[in-house]
$ cat my_file-v8.txt   # compact mmCIF, C-alpha atoms
# COMPACT_ATOMS: atom_id res chain seq x y z
CA PRO A 159 0.00 0.00 0.00
CA GLU A 160 0.99 3.63 -0.52
CA PRO A 161 2.60 5.05 2.67
CA PRO A 162 0.16 7.38 4.50
CA GLU A 163 2.92 9.99 5.18
CA GLY A 164 1.73 10.47 8.76
CA GLY A 165 -1.17 9.39 10.97
CA TRP A 166 -0.08 6.57 13.29
CA GLY A 167 3.31 6.91 11.60
CA TRP A 168 4.16 9.86 13.87
CA VAL A 169 3.72 7.61 16.93
CA VAL A 170 5.90 4.97 15.24
CA MET A 171 8.49 7.67 14.53
CA LEU A 172 8.64 8.65 18.24
CA ALA A 173 8.97 4.99 19.27
CA ALA A 174 11.77 4.48 16.72
CA MET A 175 13.41 7.66 18.00
CA TRP A 176 13.43 6.25 21.54
CA CYS A 177 14.90 3.00 20.17
CA ASN A 178 17.79 4.82 18.51
CA GLY A 179 18.35 6.87 21.65
CA ALA A 180 18.34 3.95 24.08
CA VAL A 181 20.51 1.65 21.94
CA PHE A 182 23.12 4.07 20.62
CA GLY A 183 22.99 6.48 23.54
CA ILE A 184 24.30 3.65 25.74
CA GLN A 185 26.75 2.45 23.09
CA ASN A 186 28.15 5.94 22.37
CA SER A 187 28.56 6.66 26.09
CA CYS A 188 30.82 3.65 26.46
CA GLY A 189 33.82 5.95 27.01
CA VAL A 190 32.51 6.79 30.51
CA LEU A 191 31.84 3.11 31.25
CA PHE A 192 35.29 2.22 29.85
CA VAL A 193 37.09 4.50 32.33
CA SER A 194 34.99 3.10 35.18
CA MET A 195 35.78 -0.50 34.15
CA LEU A 196 39.51 0.31 34.04
CA ARG A 197 39.35 1.49 37.65
CA LEU A 198 37.10 -1.31 38.88
CA PHE A 199 38.62 -4.37 37.20
CA GLY A 200 42.18 -3.26 36.38
CA SER A 201 45.49 -3.22 38.18
CA SER A 202 48.73 -1.37 37.53
CA GLU A 203 50.50 -4.67 36.83
CA ASP A 204 48.25 -5.55 33.87
CA LYS A 205 50.09 -4.41 30.73
CA GLN A 206 47.15 -5.22 28.42
CA LEU A 207 44.46 -3.53 30.48
CA ALA A 208 43.20 -1.09 27.81
CA PHE A 209 43.21 -3.85 25.19
CA LYS A 210 41.13 -6.28 27.29
CA THR A 211 38.68 -3.66 28.54
CA ALA A 212 38.11 -2.18 25.07
CA TRP A 213 36.77 -5.56 23.94
CA VAL A 214 33.64 -5.11 26.09
CA SER A 215 32.48 -1.96 24.30
CA SER A 216 33.72 -2.88 20.81
CA LEU A 217 32.22 -6.38 21.01
CA SER A 218 28.91 -4.86 22.06
CA MET A 219 28.83 -2.35 19.18
CA GLY A 220 30.06 -4.98 16.72
CA MET A 221 27.37 -7.49 17.73
CA VAL A 222 24.63 -4.88 17.22
CA PHE A 223 25.60 -4.84 13.55
CA PHE A 224 26.79 -8.46 13.23
CA CYS A 225 23.32 -9.82 14.05
CA SER A 226 21.64 -7.56 11.50
CA PRO A 227 21.46 -10.07 8.59
CA ILE A 228 19.74 -12.56 10.93
CA VAL A 229 17.45 -9.82 12.25
CA SER A 230 16.42 -8.88 8.72
CA ILE A 231 15.38 -12.50 8.05
CA PHE A 232 13.29 -12.63 11.23
CA THR A 233 11.79 -9.22 10.40
CA ASP A 234 10.70 -10.46 6.96
CA LEU A 235 9.30 -13.68 8.46
CA PHE A 236 7.49 -12.41 11.56
CA GLY A 237 7.18 -8.63 11.17
CA CYS A 238 8.72 -5.60 12.87
CA ARG A 239 6.58 -5.62 16.02
CA LYS A 240 7.37 -9.14 17.30
CA VAL A 241 11.08 -8.90 16.52
CA ALA A 242 11.44 -5.49 18.20
CA VAL A 243 9.58 -6.51 21.38
CA ILE A 244 11.51 -9.78 21.83
CA GLY A 245 14.80 -8.00 21.09
CA ALA A 246 14.18 -5.35 23.75
CA ALA A 247 13.36 -8.09 26.30
CA VAL A 248 16.62 -9.94 25.54
CA GLY A 249 18.58 -6.67 25.78
CA LEU A 250 16.99 -5.97 29.17
CA VAL A 251 18.04 -9.41 30.46
CA GLY A 252 21.61 -8.95 29.17
CA LEU A 253 22.03 -5.50 30.74
CA LEU A 254 20.56 -6.60 34.07
CA SER A 255 22.80 -9.69 34.24
CA SER A 256 25.84 -7.47 33.50
CA SER A 257 25.25 -5.70 36.79
CA PHE A 258 25.98 -8.88 38.81
CA VAL A 259 29.46 -9.80 37.51
CA SER A 260 32.66 -9.63 39.57
CA THR A 261 35.34 -9.75 36.82
CA ILE A 262 35.75 -8.34 33.31
CA GLU A 263 35.46 -11.67 31.44
CA PRO A 264 31.71 -12.36 32.02
CA LEU A 265 30.94 -8.92 30.57
CA TYR A 266 32.13 -10.17 27.18
CA PHE A 267 29.08 -12.45 27.18
CA THR A 268 26.41 -10.57 29.17
CA TYR A 269 27.11 -7.04 27.85
CA GLY A 270 29.05 -7.76 24.66
CA ILE A 271 26.80 -10.51 23.27
CA VAL A 272 23.41 -10.89 25.04
CA PHE A 273 22.70 -7.17 25.57
CA ALA A 274 24.05 -6.27 22.12
CA CYS A 275 22.07 -8.99 20.32
CA GLY A 276 18.90 -7.77 22.00
CA CYS A 277 19.70 -4.21 20.92
CA SER A 278 20.22 -5.42 17.35
CA PHE A 279 16.84 -7.18 17.25
CA ALA A 280 15.17 -4.06 18.66
CA TYR A 281 17.02 -1.57 16.45
CA GLN A 282 16.69 -2.80 12.86
CA PRO A 283 12.87 -3.05 12.80
CA SER A 284 12.82 0.65 13.77
CA LEU A 285 14.48 1.43 10.41
CA VAL A 286 12.27 -0.89 8.34
CA ILE A 287 8.93 0.17 9.84
CA LEU A 288 9.47 3.81 8.84
CA GLY A 289 9.30 2.83 5.16
CA HIS A 290 5.78 1.48 5.79
CA TYR A 291 4.52 4.91 6.84
CA PHE A 292 6.69 7.42 4.95
CA LYS A 293 8.11 7.82 1.45
CA LYS A 294 8.27 11.49 0.46
CA ARG A 295 9.35 12.52 3.98
CA LEU A 296 11.55 9.49 4.63
CA GLY A 297 14.81 11.48 4.74
CA LEU A 298 13.42 13.98 7.25
CA VAL A 299 11.82 11.25 9.39
CA ASN A 300 15.07 9.25 9.41
CA GLY A 301 16.88 12.40 10.49
CA ILE A 302 14.48 12.93 13.41
CA VAL A 303 14.62 9.25 14.43
CA THR A 304 18.41 9.00 14.33
CA ALA A 305 18.62 12.30 16.22
CA GLY A 306 17.26 10.33 19.18
CA SER A 307 20.67 8.78 19.74
CA SER A 308 22.17 12.29 19.72
CA LEU A 309 19.80 13.47 22.45
CA PHE A 310 20.76 10.48 24.61
CA THR A 311 24.47 10.85 23.75
CA VAL A 312 24.29 14.46 24.96
CA SER A 313 22.65 13.68 28.30
CA LEU A 314 23.77 10.15 29.23
CA PRO A 315 27.51 10.82 29.83
CA PHE A 316 26.73 13.36 32.56
CA LEU A 317 24.04 11.14 34.06
CA LEU A 318 26.37 8.14 33.99
CA ARG A 319 29.18 10.12 35.64
CA VAL A 320 26.87 11.23 38.47
CA LEU A 321 25.45 7.73 38.91
CA ILE A 322 28.84 5.98 38.86
CA ASP A 323 30.28 8.42 41.41
CA SER A 324 27.29 8.06 43.73
CA VAL A 325 25.98 4.48 43.34
CA ASP A 326 28.87 2.62 41.54
CA LEU A 327 28.99 0.97 38.09
CA PHE A 328 26.73 -1.99 38.81
CA ASN A 329 23.78 0.05 40.11
CA THR A 330 24.26 2.41 37.15
CA LEU A 331 23.72 -0.53 34.78
CA ARG A 332 20.52 -1.38 36.68
CA VAL A 333 19.26 2.20 36.20
CA LEU A 334 19.94 1.88 32.46
CA CYS A 335 17.59 -1.11 32.43
CA ILE A 336 14.73 1.41 32.68
CA LEU A 337 15.59 2.64 29.18
CA MET A 338 15.38 -0.91 27.85
CA PHE A 339 12.02 -1.52 29.55
CA VAL A 340 10.54 1.59 27.87
CA LEU A 341 12.03 0.31 24.59
CA PHE A 342 10.19 -2.99 25.19
CA LEU A 343 6.90 -1.08 25.43
CA ALA A 344 7.72 1.10 22.40
CA GLY A 345 8.03 -1.98 20.18
CA PHE A 346 4.29 -2.63 20.49
CA THR A 347 3.57 0.54 18.46
CA TYR A 348 5.09 -0.93 15.26
CA LYS A 349 1.75 -1.68 13.61
CA PRO A 350 2.55 -3.34 10.26
CA LEU A 351 1.07 -2.02 7.01
CA VAL A 352 2.84 -4.55 4.77
CA PRO A 353 2.12 -8.27 5.38
CA ASN A 354 5.09 -10.34 6.51
CA THR A 355 6.10 -13.70 5.07
CA LYS A 356 4.21 -15.62 7.76
CA ASP A 357 0.94 -13.95 6.75
CA LYS A 358 1.63 -14.40 3.04
CA GLU A 359 2.54 -18.09 3.26
CA GLY A 360 0.08 -19.26 5.91
CA GLY A 361 -2.83 -16.86 5.60
CA LYS A 362 -5.07 -16.08 8.53
CA LYS A 363 -6.38 -19.63 9.06
CA GLY A 364 -3.74 -21.79 7.41
CA LYS A 365 -0.63 -23.20 8.98
CA PHE A 366 2.61 -21.30 8.56
CA LYS A 367 5.21 -23.02 6.41
CA LEU A 368 8.73 -21.74 6.04
CA PRO A 369 9.29 -20.29 2.56
CA PRO A 370 12.18 -21.49 0.36
CA ALA A 371 15.72 -20.65 1.49
CA LYS A 372 16.08 -18.20 -1.41
CA LYS A 373 13.24 -16.13 0.00
CA ILE A 374 14.59 -16.28 3.56
CA CYS A 375 18.15 -15.26 2.63
CA ASN A 376 17.71 -12.81 -0.21
CA PHE A 377 21.26 -12.66 -1.58
CA SER A 378 19.90 -11.25 -4.83
CA VAL A 379 20.60 -7.74 -3.51
CA PHE A 380 24.28 -8.44 -4.12
CA LYS A 381 23.53 -8.80 -7.85
CA VAL A 382 23.02 -5.03 -7.85
CA LEU A 383 26.54 -3.73 -8.54
CA SER A 384 25.97 -0.29 -7.02
CA TYR A 385 24.71 -1.87 -3.78
CA ARG A 386 27.69 -4.24 -3.76
CA ILE A 387 30.18 -1.35 -3.95
CA TRP A 388 28.26 0.58 -1.27
CA ALA A 389 27.99 -2.47 1.04
CA PHE A 390 31.75 -3.08 0.95
CA GLY A 391 32.85 0.57 0.74
CA ILE A 392 31.21 1.61 4.00
CA PRO A 393 32.83 -1.16 6.12
CA ALA A 394 36.19 -0.22 4.58
CA ALA A 395 35.66 3.29 5.98
CA LEU A 396 34.68 2.17 9.48
CA PHE A 397 37.84 0.57 10.87
CA GLY A 398 38.62 3.78 12.73
CA TYR A 399 35.09 5.14 13.14
CA PHE A 400 34.33 3.83 16.65
CA VAL A 401 37.84 4.45 18.08
CA PRO A 402 37.15 8.03 19.33
CA TYR A 403 33.93 6.96 21.08
CA VAL A 404 35.77 4.30 23.11
CA HIS A 405 39.17 5.88 23.73
CA LEU A 406 38.70 9.66 23.62
CA MET A 407 37.82 9.88 27.33
CA ASN A 408 40.94 7.99 28.36
CA HIS A 409 43.08 10.00 25.91
CA VAL A 410 41.90 13.22 27.58
CA LYS A 411 42.75 11.78 31.01
CA ASP A 412 46.24 10.83 29.78
CA ARG A 413 46.89 14.29 28.34
CA PHE A 414 45.06 16.67 30.70
CA HIS A 415 44.63 14.40 33.75
CA ASP A 416 41.60 15.46 35.84
CA SER A 417 41.84 19.18 35.07
CA VAL A 418 39.11 19.18 32.38
CA PRO A 419 35.54 17.79 32.16
CA GLU A 420 36.04 15.15 29.47
CA GLU A 421 32.28 14.43 29.25
CA VAL A 422 31.92 17.78 27.46
CA LEU A 423 33.47 16.16 24.38
CA LEU A 424 30.68 13.56 24.17
CA LEU A 425 28.22 16.42 24.71
CA CYS A 426 29.70 18.22 21.68
CA LEU A 427 29.61 15.03 19.59
CA GLY A 428 25.99 14.42 20.52
CA ILE A 429 24.69 17.96 19.93
CA THR A 430 26.25 18.46 16.50
CA SER A 431 25.44 14.88 15.48
CA GLY A 432 21.78 15.62 16.19
CA VAL A 433 21.96 18.85 14.21
CA GLY A 434 23.67 17.00 11.35
CA ARG A 435 20.98 14.31 11.24
CA LEU A 436 18.14 16.82 11.09
CA VAL A 437 19.81 19.12 8.55
CA PHE A 438 21.35 16.53 6.23
CA GLY A 439 18.30 14.27 6.51
CA ARG A 440 16.20 17.09 5.07
CA VAL A 441 18.86 18.01 2.48
CA ALA A 442 18.92 14.38 1.30
CA ASP A 443 15.21 14.63 0.35
CA TYR A 444 16.15 17.22 -2.28
CA ILE A 445 19.09 15.25 -3.75
CA PRO A 446 17.90 12.90 -6.48
CA GLY A 447 18.55 9.15 -6.47
CA ALA A 448 21.90 7.67 -5.55
CA LYS A 449 23.62 11.06 -5.60
CA LYS A 450 22.77 11.18 -1.88
CA ILE A 451 25.92 9.08 -1.43
CA TYR A 452 28.05 12.15 -2.11
CA LEU A 453 26.93 13.38 1.33
CA GLN A 454 28.40 10.22 2.86
CA VAL A 455 31.63 10.72 0.87
CA ALA A 456 31.99 14.22 2.33
CA SER A 457 31.19 12.99 5.84
CA PHE A 458 33.83 10.23 5.72
CA PHE A 459 36.44 12.70 4.49
CA PHE A 460 35.84 15.06 7.43
CA ILE A 461 35.53 12.24 10.00
CA GLY A 462 38.93 10.89 8.90
CA LEU A 463 40.48 14.33 8.97
CA MET A 464 39.11 15.11 12.45
CA SER A 465 40.39 11.76 13.83
CA MET A 466 43.90 12.63 12.64
CA MET A 467 43.66 16.06 14.27
CA ILE A 468 42.85 14.71 17.77
CA PRO A 469 46.54 14.06 18.70
CA LEU A 470 47.50 17.52 17.35
CA CYS A 471 45.19 19.30 19.79
CA LYS A 472 47.32 20.69 22.62
CA THR A 473 44.45 22.51 24.32
CA PHE A 474 41.05 21.28 25.45
CA GLY A 475 39.30 23.99 23.41
CA ALA A 476 40.84 22.62 20.22
CA LEU A 477 39.52 19.15 21.08
CA VAL A 478 36.05 20.64 21.57
CA ALA A 479 36.19 22.18 18.08
CA VAL A 480 37.29 18.86 16.55
CA CYS A 481 34.45 17.00 18.26
CA LEU A 482 31.90 19.56 17.05
CA PHE A 483 32.89 18.98 13.42
CA MET A 484 33.17 15.21 13.86
CA GLY A 485 29.67 14.99 15.35
CA LEU A 486 28.15 17.06 12.54
CA PHE A 487 29.42 14.74 9.80
CA ASP A 488 28.77 11.63 11.89
CA GLY A 489 25.11 12.65 11.86
CA CYS A 490 25.24 13.14 8.09
CA PHE A 491 26.64 9.64 7.52
CA ILE A 492 24.09 7.87 9.72
CA CYS A 493 20.82 9.59 8.81
CA ILE A 494 20.90 8.82 5.07
CA MET A 495 21.80 5.11 5.25
CA ALA A 496 18.19 3.91 4.98
CA PRO A 497 17.18 6.35 2.18
CA ILE A 498 20.24 5.26 0.14
CA ALA A 499 19.33 1.58 0.62
CA PHE A 500 15.80 2.31 -0.65
CA GLU A 501 17.29 4.02 -3.73
CA LEU A 502 19.72 1.22 -4.59
CA VAL A 503 17.56 -1.92 -4.12
CA GLY A 504 13.95 -0.72 -3.81
CA ALA A 505 11.44 -1.03 -0.97
CA GLN A 506 10.87 -4.77 -1.41
CA ASP A 507 14.47 -5.78 -0.60
CA VAL A 508 15.43 -2.95 1.73
CA SER A 509 15.15 -4.94 4.98
CA GLN A 510 17.79 -7.50 4.03
CA ALA A 511 19.87 -4.88 2.19
CA ILE A 512 20.21 -2.91 5.43
CA GLY A 513 20.77 -6.15 7.36
CA PHE A 514 23.64 -7.31 5.16
CA LEU A 515 25.24 -3.85 5.26
CA LEU A 516 25.09 -3.62 9.07
CA GLY A 517 26.44 -7.17 9.31
CA LEU A 518 29.46 -6.23 7.19
CA MET A 519 29.95 -3.10 9.31
CA SER A 520 30.30 -5.22 12.45
CA VAL A 521 33.80 -6.48 11.62
CA PRO A 522 35.64 -3.14 11.41
CA MET A 523 33.68 -1.65 14.30
CA THR A 524 34.60 -4.60 16.53
CA VAL A 525 38.28 -4.79 15.55
CA GLY A 526 39.15 -1.06 15.55
CA PRO A 527 38.95 -0.13 19.28
CA PRO A 528 40.92 -3.14 20.62
CA ILE A 529 43.71 -2.44 18.11
CA ALA A 530 43.77 1.18 19.31
CA GLY A 531 43.92 -0.07 22.91
CA LEU A 532 46.80 -2.41 22.03
CA LEU A 533 48.72 0.48 20.45
CA ARG A 534 48.12 2.52 23.62
CA ASP A 535 49.47 -0.31 25.80
CA LYS A 536 52.55 -0.76 23.60
CA LEU A 537 53.42 2.89 22.80
CA GLY A 538 52.18 4.64 25.93
CA SER A 539 49.87 7.09 24.11
CA TYR A 540 46.95 7.16 21.70
CA ASN A 541 48.63 9.40 19.10
CA VAL A 542 49.44 6.69 16.54
CA ALA A 543 46.04 5.04 17.10
CA PHE A 544 44.15 8.23 16.19
CA TYR A 545 46.38 8.92 13.17
CA LEU A 546 45.70 5.41 11.84
CA ALA A 547 41.97 5.70 12.66
CA GLY A 548 41.70 8.58 10.19
CA VAL A 549 42.99 6.62 7.18
CA PRO A 550 40.11 4.11 6.55
CA PRO A 551 37.39 6.81 6.24
CA LEU A 552 39.39 8.51 3.50
CA ILE A 553 39.80 5.22 1.59
CA GLY A 554 36.14 4.23 2.05
CA GLY A 555 34.95 7.66 0.91
CA ALA A 556 37.00 7.34 -2.28
CA ILE A 557 35.39 3.95 -3.02
CA LEU A 558 31.87 5.34 -2.54
CA CYS A 559 32.45 8.01 -5.20
CA PHE A 560 31.87 5.34 -7.87
CA VAL A 561 28.42 4.28 -6.63
CA PRO A 562 26.24 7.03 -8.24
CA TRP A 563 27.99 6.60 -11.60
CA VAL A 564 27.53 2.80 -11.54
CA HIS A 565 23.90 3.14 -10.42
CA GLU A 566 23.07 5.52 -13.30
CA ARG A 567 24.62 3.13 -15.83
CA GLN A 568 22.53 0.27 -14.40
CA LYS A 569 19.35 2.32 -14.74
CA LEU A 570 20.19 3.18 -18.36
CA LYS A 571 20.71 -0.51 -19.16
CA GLU A 572 17.38 -1.42 -17.57
CA ARG A 573 15.60 1.26 -19.62
CA ALA A 574 17.25 0.01 -22.80
CA LYS A 575 16.08 -3.59 -22.33
CA PRO A 576 12.41 -3.11 -23.29
CA VAL A 577 13.42 -0.92 -26.24
CA ASP A 578 15.68 -3.69 -27.51
CA GLY A 579 12.85 -6.18 -27.08
CA GLU A 580 10.45 -4.04 -29.14
CA THR A 581 12.95 -3.58 -31.97
CA THR A 582 13.61 -7.34 -32.04
CA GLU A 583 9.89 -8.06 -32.30
CA LYS A 584 9.55 -5.58 -35.15
CA MET A 585 12.48 -7.18 -36.97
CA LEU A 586 10.88 -10.62 -36.60
CA GLU A 587 7.55 -9.27 -37.89
CA ASN A 588 9.29 -7.74 -40.94
CA GLU A 589 11.10 -11.00 -41.65
CA SER A 590 7.87 -12.98 -41.47
CA THR A 591 6.13 -10.61 -43.91
CA LEU A 592 9.05 -10.83 -46.31
CA VAL A 593 8.96 -14.63 -46.20
CA SER A 594 5.21 -14.69 -46.78
CA ASP A 595 5.56 -12.33 -49.76
CA THR A 596 8.25 -14.46 -51.43
CA THR A 597 6.23 -17.65 -51.04
CA GLU A 598 3.05 -16.10 -52.42
CA LYS A 599 4.70 -14.75 -55.63
CA PRO A 600 5.80 -18.10 -57.18
CA VAL A 601 2.40 -19.57 -56.42
CA LYS A 602 0.67 -16.76 -58.31
CA GLU A 603 3.07 -17.18 -61.28
CA LEU A 604 2.32 -20.88 -61.43
CA ASP A 605 -1.42 -20.21 -61.38
CA SER A 606 -1.15 -17.74 -64.26
CA GLY A 607 0.95 -20.21 -66.32
CA PHE A 608 -1.68 -22.94 -66.24
$ encode --input "my_file-v8.txt" --output "structure tokens"
Amino acid sequence: PEPPEGGWGWVVMLAAMWCNGAVFGIQNSCGVLFVSMLRLFGSSEDKQLAFKTAWVSSLSMGMVFFCSPIVSIFTDLFGCRKVAVIGAAVGLVGLLSSSFVSTIEPLYFTYGIVFACGCSFAYQPSLVILGHYFKKRLGLVNGIVTAGSSLFTVSLPFLLRVLIDSVDLFNTLRVLCILMFVLFLAGFTYKPLVPNTKDKEGGKKGKFKLPPAKKICNFSVFKVLSYRIWAFGIPAALFGYFVPYVHLMNHVKDRFHDSVPEEVLLLCLGITSGVGRLVFGRVADYIPGAKKIYLQVASFFFIGLMSMMIPLCKTFGALVAVCLFMGLFDGCFICIMAPIAFELVGAQDVSQAIGFLLGLMSVPMTVGPPIAGLLRDKLGSYNVAFYLAGVPPLIGGAILCFVPWVHERQKLKERAKPVDGETTEKMLENESTLVSDTTEKPVKELDSGF
């Protein structure tokens, strides 16, 4: 059905906004939790402390994206509402169980896997359901929804700092469970407008039968060359993307000690990221087709440049300026992911297209922060880690430049196919008339001779 461009969709938008805020607000505030974990679980004798602790946050963020291909299959089979509600419940269990551990190792499972998998199952349906209700305003709505994580990223670091100082890390995690419980309730608002596979295959009264494997895992999206370049270009850009979110707080402590409020940097990232999502989400609505990707190219260029500038900042004010610019283009990159996926593969395949992309993104986002932590343990500072973190976004941005050109060529080929078919039919018709004419002439001559 044609999207209603509003109505109940505004309620769905607010629920999806809360989802983005709860999931990525907690993930993006991991720098505060990271510093607290270093103090709680670490010792001065441990030479790989930053490396081991960074795995908790990076594994959690990586699993959010790694599960996405599986989530897209479940979303197609059972619908957005059921998947989102069950995902939020699993995330709640994982976060609550993380508050009862006594060493760092169990957190790899409870926080890094269970909590993150639940977040993944709750998050992806929030992107898919928006396409049911909006089409013309999809860029703007995606901007508003993804701005939810910015609002939480702005406020959560200060709240977490106050909570950790007053009630310790474990009780802070229990307070965060409230966000996940509200997310559980928000999932019930995802009223489907498009029937899922279960309804299509089984009907209202019939028994549900699993569709063929080709329908469950729709790898046909990779036949689209422009999508293929986009799906591998973005992960190439993300090896250094998550490094500042995990290690920036500790870098500030190393350089300025306790003389500056390091949470201000996450505040700057969150505010300008929210502004970027709203502004660039609306701008993307006016950019035709796949040319929206040029916004992502620009954002990766500036994100890479800002990462390289972090070690060069000798004053706290300079770091604030860097974080303001980084947040702005971070918002640009995130808010137009779903609209670009709709442009490249169409509405029918968008769920699995987003799922495969997020799954591919999981590898660089998981690997990057621990490597940065290892460099910090070996070299004594984060300087080299931030310099290297700026290189992949520049490479990935260069790869993405080819996507609009390839996509336009594909569209021209598709338009040419029916034209070729018509000309072939006309040629066949002409040949048949010629053959009929040549056969009729000798017959007439024979008749006249007798």
$ axis_aligned_box --input "my_file-v8.txt" --around "region 260-263 of chain A" --padding-each-side "4 Å" --output "AutoDock Vina command-line options"
--center_x 34.2 --center_y -10.0 --center_z 35.5 --size_x 11.1 --size_y 11.3 --size_z 16.1
$ atom_distance --input "my_file-v8.txt" --atom1 "CA of Met495 (chain A)" --atom2 "CA of Leu516 (chain A)"
10.1 Å
$ residues_around --input "my_file-v8.txt" --residues "region 311-325 of chain A" --least-positions-apart "5" --cutoff "7 Å" --atoms "only C-alpha atoms" --output "PDB file with C-alpha atoms, keeping the file's coordinate frame"
ATOM      1  CA  GLY A 183      22.990   6.480  23.540  1.00  0.00           C
ATOM      2  CA  ASN A 186      28.150   5.940  22.370  1.00  0.00           C
ATOM      3  CA  SER A 187      28.560   6.660  26.090  1.00  0.00           C
ATOM      4  CA  VAL A 190      32.510   6.790  30.510  1.00  0.00           C
ATOM      5  CA  THR A 330      24.260   2.410  37.150  1.00  0.00           C
ATOM      6  CA  GLU A 421      32.280  14.430  29.250  1.00  0.00           C
ATOM      7  CA  LEU A 424      30.680  13.560  24.170  1.00  0.00           C
ATOM      8  CA  LEU A 425      28.220  16.420  24.710  1.00  0.00           C
ATOM      9  CA  GLY A 428      25.990  14.420  20.520  1.00  0.00           C
ATOM     10  CA  ILE A 429      24.690  17.960  19.930  1.00  0.00           C
TER      11      ILE A 429
END
$ residues_around --input "my_file-v8.txt" --residues "region 476-486 of chain A" --least-positions-apart "5" --cutoff "7 Å" --atoms "all atoms listed in the file" --output "PyMOL selection string"
chain A and resi 423+426-428+430-431+433-434+460-461+464+468+471
$ closest_residue --input "my_file-v8.txt" --among "A:Gly432, A:Pro350, A:Gly504, A:Gly345" --to "Val379 (chain A)" --atoms "all atoms listed in the file"
A:Gly504
$ residues_around --input "my_file-v8.txt" --residues "Gln568 (chain A)" --least-positions-apart "5" --cutoff "9 Å" --atoms "all atoms listed in the file" --output "list in words"
Val382, Leu383, Ser384, Trp563 and Arg573 of chain A
$ closest_residue --input "my_file-v8.txt" --among "A:Gly489, A:Gly249, A:Gly555, A:Gly165" --to "Thr268 (chain A)" --atoms "all atoms listed in the file"
A:Gly249
$ closest_residue --input "my_file-v8.txt" --among "A:Pro402, A:Gly276, A:Pro469, A:Gly164" --to "Gly531 (chain A)" --atoms "all atoms listed in the file"
A:Pro402
$ residues_around --input "my_file-v8.txt" --residues "Val299 (chain A)" --least-positions-apart "3" --cutoff "8 Å" --atoms "all atoms listed in the file" --output "PyMOL selection string"
chain A and resi 171+288+292+295-296+302-303+439
$ write_last_selection --input "my_file-v8.txt" --atoms "C-alpha atoms" --output "tab-separated table (two decimals), keeping the file's coordinate frame"
chain	number	residue	atom	x	y	z
A	171	MET	CA	8.49	7.67	14.53
A	288	LEU	CA	9.47	3.81	8.84
A	292	PHE	CA	6.69	7.42	4.95
A	295	ARG	CA	9.35	12.52	3.98
A	296	LEU	CA	11.55	9.49	4.63
A	302	ILE	CA	14.48	12.93	13.41
A	303	VAL	CA	14.62	9.25	14.43
A	439	GLY	CA	18.30	14.27	6.51
$ closest_residue --input "my_file-v8.txt" --among "A:His415, A:Ile287, A:Leu341, A:Lys294" --to "Val181 (chain A)" --atoms "all atoms listed in the file"
A:Leu341
$ residues_around --input "my_file-v8.txt" --residues "Met195 (chain A)" --least-positions-apart "3" --cutoff "12 Å" --atoms "all atoms listed in the file" --output "list in words"
Cys188, Gly189, Val190, Leu191, Phe192, Leu198, Phe199, Gly200, Ser201, Leu207, Ala208, Lys210, Thr211, Ala212, Trp213, Val214, Ser215, Val259, Ser260, Thr261, Ile262, Glu263, Leu265, Ile322, Asp326, Leu327, Phe328 and Asn408 of chain A
$ atom_distance --input "my_file-v8.txt" --atom1 "CA of Ser457 (chain A)" --atom2 "CA of Phe487 (chain A)"
4.7 Å
$ closest_residue --input "my_file-v8.txt" --among "A:Pro562, A:Gly306, A:Pro283, A:Pro161" --to "Tyr348 (chain A)" --atoms "all atoms listed in the file"
A:Pro283
$ atom_distance --input "my_file-v8.txt" --atom1 "CA of Leu196 (chain A)" --atom2 "CA of Met407 (chain A)"
11.8 Å
$ closest_residue --input "my_file-v8.txt" --among "A:Ala456, A:Leu285, A:Val243, A:Leu502" --to "Gly297 (chain A)" --atoms "all atoms listed in the file"
A:Leu285
